>>> print(open('input-v3.txt').read())   # compact mmCIF, C-alpha atoms (C1' of nucleotides)
# COMPACT_ATOMS: atom_id res chain seq x y z
CA MET A 1 -136.59 -144.95 -138.90
CA LYS A 2 -139.79 -145.87 -140.64
CA GLU A 3 -142.35 -143.70 -142.37
CA GLN A 4 -145.80 -144.28 -140.88
CA ILE A 5 -149.35 -142.96 -141.01
CA TYR A 6 -151.90 -142.91 -138.22
CA GLU A 7 -155.45 -141.59 -138.47
CA ILE A 8 -158.13 -140.79 -135.95
CA GLU A 9 -161.59 -139.29 -136.16
CA ASP A 10 -161.59 -135.51 -136.03
CA ILE A 11 -162.51 -134.01 -132.67
CA LYS A 12 -163.20 -130.48 -131.54
CA GLU A 13 -160.51 -130.72 -128.88
CA PHE A 14 -157.75 -130.72 -131.47
CA GLU A 15 -157.15 -127.68 -133.62
CA LEU A 16 -153.77 -127.34 -135.32
CA SER A 17 -153.40 -123.57 -135.09
CA HIS A 18 -154.56 -123.53 -131.46
CA ILE A 19 -152.13 -126.23 -130.42
CA PHE A 20 -149.07 -125.02 -132.24
CA GLU A 21 -149.57 -121.30 -131.85
CA CYS A 22 -150.49 -120.99 -128.21
CA GLY A 23 -146.87 -120.48 -127.29
CA GLN A 24 -145.86 -123.85 -125.95
CA CYS A 25 -143.59 -125.10 -128.75
CA PHE A 26 -140.90 -123.78 -131.04
CA ARG A 27 -140.37 -126.44 -133.67
CA TRP A 28 -143.66 -126.60 -135.53
CA GLU A 29 -144.09 -124.82 -138.85
CA LYS A 30 -147.17 -124.29 -140.95
CA GLU A 31 -146.95 -125.68 -144.47
CA ASP A 32 -148.46 -124.11 -147.56
CA ASP A 33 -151.22 -126.72 -147.59
CA GLY A 34 -152.30 -125.74 -144.06
CA SER A 35 -150.80 -128.76 -142.37
CA TYR A 36 -148.09 -128.45 -139.71
CA THR A 37 -144.74 -130.20 -139.61
CA GLY A 38 -142.73 -130.52 -136.44
CA VAL A 39 -139.58 -132.09 -135.15
CA ILE A 40 -140.24 -133.88 -131.89
CA LYS A 41 -138.04 -136.00 -129.67
CA SER A 42 -138.04 -139.17 -131.69
CA GLY A 43 -138.70 -138.07 -135.25
CA VAL A 44 -140.52 -135.79 -137.64
CA LEU A 45 -144.29 -135.49 -137.84
CA ASN A 46 -146.77 -133.86 -140.21
CA VAL A 47 -150.35 -133.32 -139.07
CA ARG A 48 -153.35 -132.36 -141.13
CA LYS A 49 -157.12 -132.51 -141.03
CA GLU A 50 -158.94 -134.01 -143.99
CA ASN A 51 -162.44 -135.40 -144.58
CA GLY A 52 -163.31 -135.59 -140.92
CA LYS A 53 -160.02 -137.21 -139.97
CA ILE A 54 -156.85 -136.10 -138.29
CA ILE A 55 -153.97 -137.57 -140.21
CA PHE A 56 -150.56 -138.06 -138.61
CA HIS A 57 -147.78 -138.79 -141.06
CA GLY A 58 -144.29 -139.17 -139.69
CA ILE A 59 -141.00 -140.97 -139.51
CA PHE A 60 -140.07 -142.74 -136.28
CA ASP A 61 -138.33 -145.76 -134.86
CA GLY A 62 -141.23 -146.62 -132.57
CA SER A 63 -144.93 -146.83 -133.29
CA ILE A 64 -146.44 -143.57 -134.52
CA LYS A 65 -149.65 -144.35 -132.67
CA ASP A 66 -147.90 -144.57 -129.29
CA ILE A 67 -145.82 -141.50 -129.99
CA VAL A 68 -148.79 -139.41 -131.09
CA ASN A 69 -150.96 -140.51 -128.17
CA ASP A 70 -148.26 -139.57 -125.73
CA TYR A 71 -147.21 -136.31 -127.39
CA PHE A 72 -150.72 -134.92 -127.83
CA ASP A 73 -151.80 -136.34 -124.50
CA PHE A 74 -154.90 -138.06 -125.80
CA ASP A 75 -155.51 -139.67 -122.44
CA THR A 76 -156.46 -136.33 -120.96
CA ASP A 77 -160.13 -135.42 -121.32
CA TYR A 78 -160.16 -131.85 -122.60
CA LYS A 79 -163.92 -131.76 -122.91
CA LYS A 80 -164.15 -132.25 -119.19
CA ILE A 81 -161.43 -129.72 -118.44
CA LYS A 82 -163.13 -127.11 -120.59
CA ASP A 83 -166.46 -127.77 -118.91
CA THR A 84 -164.93 -127.27 -115.50
CA LEU A 85 -163.01 -124.14 -116.40
CA SER A 86 -165.89 -122.58 -118.34
CA LYS A 87 -167.85 -122.44 -115.12
CA VAL A 88 -165.25 -120.24 -113.44
CA ASP A 89 -166.43 -117.05 -115.09
CA ILE A 90 -167.45 -115.47 -118.38
CA ASN A 91 -163.91 -114.33 -119.21
CA LEU A 92 -162.48 -117.80 -119.14
CA LYS A 93 -165.57 -119.18 -120.86
CA LYS A 94 -165.03 -116.82 -123.78
CA SER A 95 -161.33 -117.61 -123.99
CA ILE A 96 -162.11 -121.31 -124.11
CA GLU A 97 -164.69 -120.79 -126.84
CA TYR A 98 -161.98 -119.00 -128.79
CA GLY A 99 -159.20 -121.54 -128.23
CA TYR A 100 -161.40 -124.63 -128.08
CA GLY A 101 -158.86 -126.84 -129.80
CA ILE A 102 -155.89 -126.20 -127.51
CA ARG A 103 -154.06 -129.19 -126.08
CA ILE A 104 -151.00 -128.99 -123.87
CA LEU A 105 -148.31 -131.08 -125.46
CA HIS A 106 -146.18 -133.60 -123.61
CA GLN A 107 -142.78 -132.45 -124.83
CA ASP A 108 -139.33 -133.80 -124.16
CA LEU A 109 -137.97 -132.57 -120.84
CA GLU A 110 -134.39 -131.80 -121.86
CA GLU A 111 -135.51 -129.96 -124.98
CA THR A 112 -138.08 -127.97 -123.05
CA ILE A 113 -135.55 -126.94 -120.40
CA ILE A 114 -133.02 -125.72 -122.96
CA SER A 115 -135.66 -124.06 -125.15
CA PHE A 116 -137.20 -122.03 -122.36
CA ILE A 117 -133.86 -120.92 -120.98
CA ILE A 118 -133.25 -119.55 -124.46
CA SER A 119 -136.64 -117.83 -124.39
CA ALA A 120 -135.61 -115.41 -121.64
CA ASN A 121 -135.80 -111.79 -122.79
CA ASN A 122 -135.93 -113.01 -126.37
CA ASN A 123 -138.35 -113.10 -129.28
CA ILE A 124 -139.95 -116.09 -130.92
CA PRO A 125 -138.34 -115.94 -134.40
CA ARG A 126 -134.92 -115.71 -132.80
CA ILE A 127 -135.63 -118.48 -130.29
CA LYS A 128 -136.68 -120.75 -133.15
CA GLY A 129 -133.57 -119.86 -135.12
CA ILE A 130 -131.25 -120.67 -132.25
CA ILE A 131 -132.91 -124.02 -131.57
CA ASN A 132 -132.73 -124.92 -135.25
CA ARG A 133 -129.03 -124.05 -135.44
CA MET A 134 -128.27 -126.04 -132.31
CA SER A 135 -130.11 -129.00 -133.78
CA LYS A 136 -128.40 -128.72 -137.12
CA LYS A 137 -125.00 -128.60 -135.47
CA CYS A 138 -125.46 -131.46 -132.99
CA GLY A 139 -128.66 -133.32 -133.81
CA LYS A 140 -129.42 -136.36 -135.92
CA LYS A 141 -130.37 -135.64 -139.52
CA ILE A 142 -133.68 -137.03 -140.75
CA ASP A 143 -134.92 -137.04 -144.34
CA PHE A 144 -138.67 -136.72 -144.60
CA LEU A 145 -140.83 -135.88 -147.61
CA GLY A 146 -137.91 -134.51 -149.56
CA LYS A 147 -136.66 -132.20 -146.82
CA GLU A 148 -133.92 -132.39 -144.20
CA TYR A 149 -134.73 -132.12 -140.51
CA TYR A 150 -132.55 -132.30 -137.42
CA LEU A 151 -133.65 -133.81 -134.13
CA PHE A 152 -133.05 -131.84 -130.96
CA PRO A 153 -129.59 -132.98 -129.80
CA GLU A 154 -128.87 -135.30 -126.91
CA ILE A 155 -127.45 -133.51 -123.89
CA SER A 156 -124.27 -135.54 -124.28
CA GLU A 157 -123.82 -134.07 -127.76
CA LEU A 158 -124.53 -130.55 -126.60
CA SER A 159 -121.97 -130.97 -123.84
CA LYS A 160 -119.26 -131.04 -126.48
CA LEU A 161 -119.91 -127.39 -127.28
CA SER A 162 -117.81 -124.71 -125.61
CA VAL A 163 -119.27 -121.44 -124.35
CA LYS A 164 -117.77 -119.87 -127.45
CA ASP A 165 -119.46 -122.43 -129.72
CA LEU A 166 -122.76 -121.63 -128.05
CA ARG A 167 -122.22 -117.92 -128.47
CA GLU A 168 -121.60 -118.48 -132.16
CA LEU A 169 -124.98 -120.18 -132.46
CA GLY A 170 -126.50 -116.85 -131.47
CA LEU A 171 -127.35 -117.58 -127.86
CA GLY A 172 -126.07 -114.24 -126.65
CA PHE A 173 -125.73 -113.84 -122.90
CA ARG A 174 -127.57 -117.14 -122.43
CA ASP A 175 -124.51 -119.07 -123.57
CA LYS A 176 -123.08 -119.58 -120.10
CA ARG A 177 -126.46 -120.44 -118.62
CA ILE A 178 -126.97 -123.18 -121.21
CA TYR A 179 -123.40 -124.39 -120.75
CA ASP A 180 -123.83 -124.72 -116.99
CA THR A 181 -127.28 -126.30 -117.21
CA ILE A 182 -126.06 -128.91 -119.69
CA ARG A 183 -123.40 -129.91 -117.20
CA LYS A 184 -125.76 -130.03 -114.26
CA ILE A 185 -128.02 -132.36 -116.22
CA LEU A 186 -125.13 -134.50 -117.42
CA ASN A 187 -123.55 -135.05 -114.02
CA LYS A 188 -126.97 -135.47 -112.42
CA GLU A 189 -126.78 -132.54 -110.07
CA ILE A 190 -130.41 -132.56 -111.10
CA ASP A 191 -131.73 -136.02 -112.03
CA LEU A 192 -134.29 -135.54 -114.79
CA GLU A 193 -135.51 -139.13 -114.83
CA ASN A 194 -136.22 -138.91 -111.14
CA LEU A 195 -137.86 -135.53 -111.60
CA LYS A 196 -140.45 -137.05 -113.92
CA LYS A 197 -141.61 -139.29 -111.10
CA ILE A 198 -142.18 -136.54 -108.54
CA ASP A 199 -145.81 -135.57 -108.05
CA ASP A 200 -145.34 -132.58 -105.78
CA THR A 201 -145.25 -129.50 -108.03
CA ASP A 202 -143.41 -127.32 -105.51
CA LEU A 203 -140.75 -129.96 -105.08
CA VAL A 204 -140.21 -130.17 -108.84
CA ARG A 205 -140.03 -126.39 -109.11
CA GLU A 206 -137.44 -126.30 -106.35
CA GLU A 207 -135.28 -128.73 -108.31
CA LEU A 208 -135.65 -126.90 -111.61
CA LEU A 209 -134.69 -123.59 -110.00
CA LYS A 210 -131.26 -125.05 -109.33
CA LEU A 211 -130.51 -124.80 -113.04
CA ASP A 212 -128.76 -121.74 -114.35
CA GLY A 213 -131.14 -119.63 -116.42
CA VAL A 214 -134.23 -121.19 -114.86
CA GLY A 215 -136.26 -118.70 -112.84
CA PRO A 216 -139.91 -118.89 -111.78
CA LYS A 217 -141.42 -118.29 -115.22
CA VAL A 218 -139.19 -120.70 -117.08
CA ALA A 219 -139.65 -123.35 -114.37
CA ASP A 220 -143.42 -123.09 -114.69
CA CYS A 221 -143.23 -123.38 -118.49
CA ILE A 222 -141.09 -126.48 -118.21
CA MET A 223 -143.50 -128.08 -115.77
CA LEU A 224 -146.56 -127.21 -117.82
CA PHE A 225 -145.25 -128.08 -121.28
CA SER A 226 -143.23 -131.12 -120.44
CA LEU A 227 -144.26 -132.58 -117.10
CA LYS A 228 -148.04 -132.20 -117.31
CA LYS A 229 -148.17 -130.12 -114.17
CA TYR A 230 -151.41 -128.23 -114.66
CA ASP A 231 -151.32 -126.38 -111.34
CA VAL A 232 -148.69 -123.84 -112.39
CA PHE A 233 -149.20 -120.35 -113.80
CA PRO A 234 -146.32 -119.01 -115.91
CA ILE A 235 -146.50 -115.23 -115.84
CA ASP A 236 -145.15 -113.40 -118.86
CA VAL A 237 -146.09 -109.99 -120.23
CA TRP A 238 -149.18 -111.32 -122.02
CA VAL A 239 -150.53 -113.14 -119.00
CA ARG A 240 -149.88 -110.11 -116.84
CA ARG A 241 -151.72 -107.97 -119.37
CA VAL A 242 -154.77 -110.19 -119.67
CA MET A 243 -155.03 -110.78 -115.92
CA ASN A 244 -154.83 -107.06 -115.28
CA GLU A 245 -157.40 -106.22 -117.94
CA LEU A 246 -159.87 -108.86 -116.82
CA TYR A 247 -159.53 -108.86 -113.07
CA ILE A 248 -157.06 -106.54 -111.41
CA LYS A 249 -157.69 -103.41 -113.49
CA ASN A 250 -154.64 -101.45 -112.43
CA GLU A 251 -153.92 -98.33 -114.50
CA ASP A 252 -150.34 -99.44 -115.04
CA GLU A 253 -150.04 -103.15 -115.73
CA THR A 254 -146.29 -103.11 -115.16
CA LYS A 255 -147.01 -102.23 -111.54
CA VAL A 256 -149.05 -105.39 -110.95
CA SER A 257 -146.93 -107.75 -108.89
CA LYS A 258 -146.27 -111.30 -109.93
CA ASN A 259 -147.25 -112.35 -106.48
CA ALA A 260 -150.70 -110.84 -106.79
CA ILE A 261 -151.28 -112.60 -110.12
CA ASP A 262 -150.02 -115.89 -108.78
CA LYS A 263 -152.30 -115.69 -105.76
CA LEU A 264 -155.31 -114.65 -107.81
CA SER A 265 -154.81 -117.44 -110.35
CA LYS A 266 -154.68 -119.97 -107.56
CA GLU A 267 -157.91 -118.69 -106.03
CA LYS A 268 -159.79 -118.42 -109.30
CA PHE A 269 -158.61 -121.38 -111.34
CA GLY A 270 -157.26 -123.80 -108.75
CA ALA A 271 -155.46 -126.96 -109.77
CA LEU A 272 -156.19 -126.37 -113.45
CA ARG A 273 -154.77 -122.87 -113.59
CA GLY A 274 -152.04 -123.91 -116.02
CA LEU A 275 -154.66 -124.73 -118.61
CA ALA A 276 -156.58 -121.57 -117.80
CA GLN A 277 -153.36 -119.69 -118.47
CA GLN A 278 -153.10 -121.20 -121.94
CA TYR A 279 -156.64 -120.26 -122.96
CA LEU A 280 -156.24 -116.71 -121.64
CA PHE A 281 -152.78 -116.31 -123.15
CA TYR A 282 -153.90 -117.51 -126.57
CA PHE A 283 -157.02 -115.37 -126.52
CA ARG A 284 -155.15 -112.20 -125.54
CA ARG A 285 -152.28 -112.70 -127.94
CA GLU A 286 -154.53 -113.26 -130.92
CA ASN A 287 -156.85 -110.36 -130.14
C1' DA B 1 -129.92 -94.58 -133.78
C1' DC B 2 -133.05 -96.78 -130.83
C1' DT B 3 -136.51 -99.86 -128.91
C1' DC B 4 -138.16 -104.24 -127.88
C1' DA B 5 -138.68 -109.28 -127.06
C1' DG B 6 -142.05 -115.84 -123.30
C1' DG B 7 -136.76 -113.23 -117.71
C1' DT B 8 -132.83 -114.12 -114.93
C1' DA B 9 -128.74 -113.06 -112.26
C1' DT B 10 -126.46 -109.71 -109.91
C1' DT B 11 -126.07 -105.85 -107.15
C1' DA B 12 -127.79 -102.40 -104.19
C1' DC B 13 -130.86 -100.57 -100.61
C1' DG C 1 -136.66 -109.98 -98.49
C1' DT C 2 -137.71 -106.45 -102.31
C1' DA C 3 -136.33 -103.06 -105.90
C1' DA C 4 -133.25 -101.41 -109.81
C1' DT C 5 -130.06 -102.74 -113.59
C1' DA C 6 -127.45 -105.03 -117.16
C1' DC C 7 -127.73 -108.33 -120.60
C1' DC C 8 -126.62 -110.78 -126.67
C1' DT C 9 -128.87 -110.09 -130.83
C1' DG C 10 -131.54 -108.96 -134.75
C1' DA C 11 -135.85 -107.23 -136.54
C1' DG C 12 -138.70 -103.12 -137.19
>>> encode(input="input-v3.txt", output="structure tokens")
Amino acid sequence: MKEQIYEIEDIKEFELSHIFECGQCFRWEKEDDGSYTGVIKSGVLNVRKENGKIIFHGIFDGSIKDIVNDYFDFDTDYKKIKDTLSKVDINLKKSIEYGYGIRILHQDLEETIISFIISANNNIPRIKGIINRMSKKCGKKIDFLGKEYYLFPEISELSKLSVKDLRELGLGFRDKRIYDTIRKILNKEIDLENLKKIDDTDLVREELLKLDGVGPKVADCIMLFSLKKYDVFPIDVWVRRVMNELYIKNEDETKVSKNAIDKLSKEKFGALRGLAQQYLFYFRREN
DNA sequence: ACTCAGGTATTAC
DNA sequence: GTAATACCTGAG
């Protein structure tokens, strides 16, 4: 583990609060100085903007430049994506103007699977707490800038926990789901390395749905936040709300079917509907 | 005391 | 197939 710094020129398509608070990640915290610190797969990273630069300061085995480029997906042209989506309609255009600095992260697959199973019928502070406790119990300890951090555990480490251990970490009724999913990953009932190579979104979804605790919404989140599948549309209460308010206009939003939203999102936003979802979600949640 | 929160699994029509 | 229902837990 080596402490490293990497700097790039500031760009509009990178705004800390937009990226870390649009609901895609659970392990980033805002510091008093306005920077954000997060634990990612391979180490700990602090990000801040200063004098027209974005400064990445972290501790990793590998090169911070490679890790940052991969994690923040700097190969994807967000300017182009925003241009395309802004032409869809005024609603999306406004949402994009609001969340102009959003980027979809390329997060670790195992961590994303476990995290979003935990997210079911749960709230964000509690989800974060559970993930932190799991990491502290089974993950590698990292010292960085005078603080202790714990990497998200390897599946092999997590597999040592009993259902009772998991319950004691505060997982609630999700304990058995996590327990079973860990085993399915470990004995390759679902082969995650192979999954990363599959292009067909529906095929990937089909595989993910085999995991206990993974339903349609969680599967879509996993694909969007970890596998760069932009043609999915995770539907939670906020997305349902914003889609109803903007397009469907039903008196009772709870009566709007998932199917209707899914179909509409496909028609309106096409292959980039996952990104459209993020802009709309962020806009509606913050307003 | 009671509701609610990034849904899913189970059970019942 | 589609519609109700239960579900850990802790914060408000």
>>> residues_around(input="input-v3.txt", residues="region 2-6 of chain C", least_positions_apart="2", cutoff="9 Å", atoms="only C-alpha atoms (C1' of nucleotides)", output="ChimeraX atom specification")
/B:10-13
>>> write_last_selection(input="input-v3.txt", atoms="C-alpha atoms (C1' of nucleotides)", output="tab-separated table (two decimals), in the coordinates of the input")
chain	number	residue	atom	x	y	z
B	10	DT	C1'	-126.46	-109.71	-109.91
B	11	DT	C1'	-126.07	-105.85	-107.15
B	12	DA	C1'	-127.79	-102.40	-104.19
B	13	DC	C1'	-130.86	-100.57	-100.61
>>> atom_distance(input="input-v3.txt", atom1="CA of Gly34 (chain A)", atom2="CA of Glu111 (chain A)")
25.8 Å
>>> closest_atom_pairs(input="input-v3.txt", of="chain B", to="chain A", cutoff="12 Å", atoms="all atoms listed in the file", output="tab-separated table")
residue	atom	partner	partner_atom	distance
B:DC4	C1'	A:Asn123	CA	9.0
B:DA5	C1'	A:Asn123	CA	4.4
B:DG6	C1'	A:Ser119	CA	5.9
B:DG7	C1'	A:Ala120	CA	4.6
B:DT8	C1'	A:Gly213	CA	6.0
B:DA9	C1'	A:Gly213	CA	8.1
>>> interface_residues(input="input-v3.txt", of="chain C", to="chain A", cutoff="7 Å", atoms="only C-alpha atoms (C1' of nucleotides)", output="list in words")
DC7, DC8 and DT9 of chain C
>>> closest_residue(input="input-v3.txt", among="A:Asn46, A:Leu227, A:Tyr6, A:Tyr179", to="Leu208 (chain A)", atoms="all atoms listed in the file")
A:Leu227
>>> residues_near_point(input="input-v3.txt", point="(-152.6, -123.8, -119.7)", cutoff="10 Å", atoms="all atoms listed in the file", output="PyMOL selection string")
chain A and resi 22+24+102-104+221+224-225+228-234+272-282
>>> closest_residue(input="input-v3.txt", among="A:Phe283, A:Lys136, A:Ile178, A:Tyr247", to="Glu97 (chain A)", atoms="only C-alpha atoms")
A:Phe283
>>> residues_near_point(input="input-v3.txt", point="(-149.6, -143.6, -132.3)", cutoff="12 Å", atoms="all atoms listed in the file", output="JSON, numbers by chain")
{"A": [4, 5, 6, 7, 8, 45, 55, 56, 57, 58, 59, 60, 61, 62, 63, 64, 65, 66, 67, 68, 69, 70, 71, 72, 73, 74]}
>>> atom_distance(input="input-v3.txt", atom1="CA of Lys128 (chain A)", atom2="CA of Glu29 (chain A)")
10.2 Å
>>> atom_distance(input="input-v3.txt", atom1="CA of Glu21 (chain A)", atom2="CA of Lys79 (chain A)")
19.9 Å
>>> axis_aligned_box(input="input-v3.txt", around="chain B", padding_each_side="4 Å", output="lines of an AutoDock Vina configuration file")
center_x = -134.1
center_y = -105.2
center_z = -117.2
size_x = 24.0
size_y = 29.3
size_z = 41.2
>>> residues_around(input="input-v3.txt", residues="Glu157 (chain A)", least_positions_apart="4", cutoff="9 Å", atoms="only C-alpha atoms (C1' of nucleotides)", output="ChimeraX atom specification")
/A:138-139,153,161
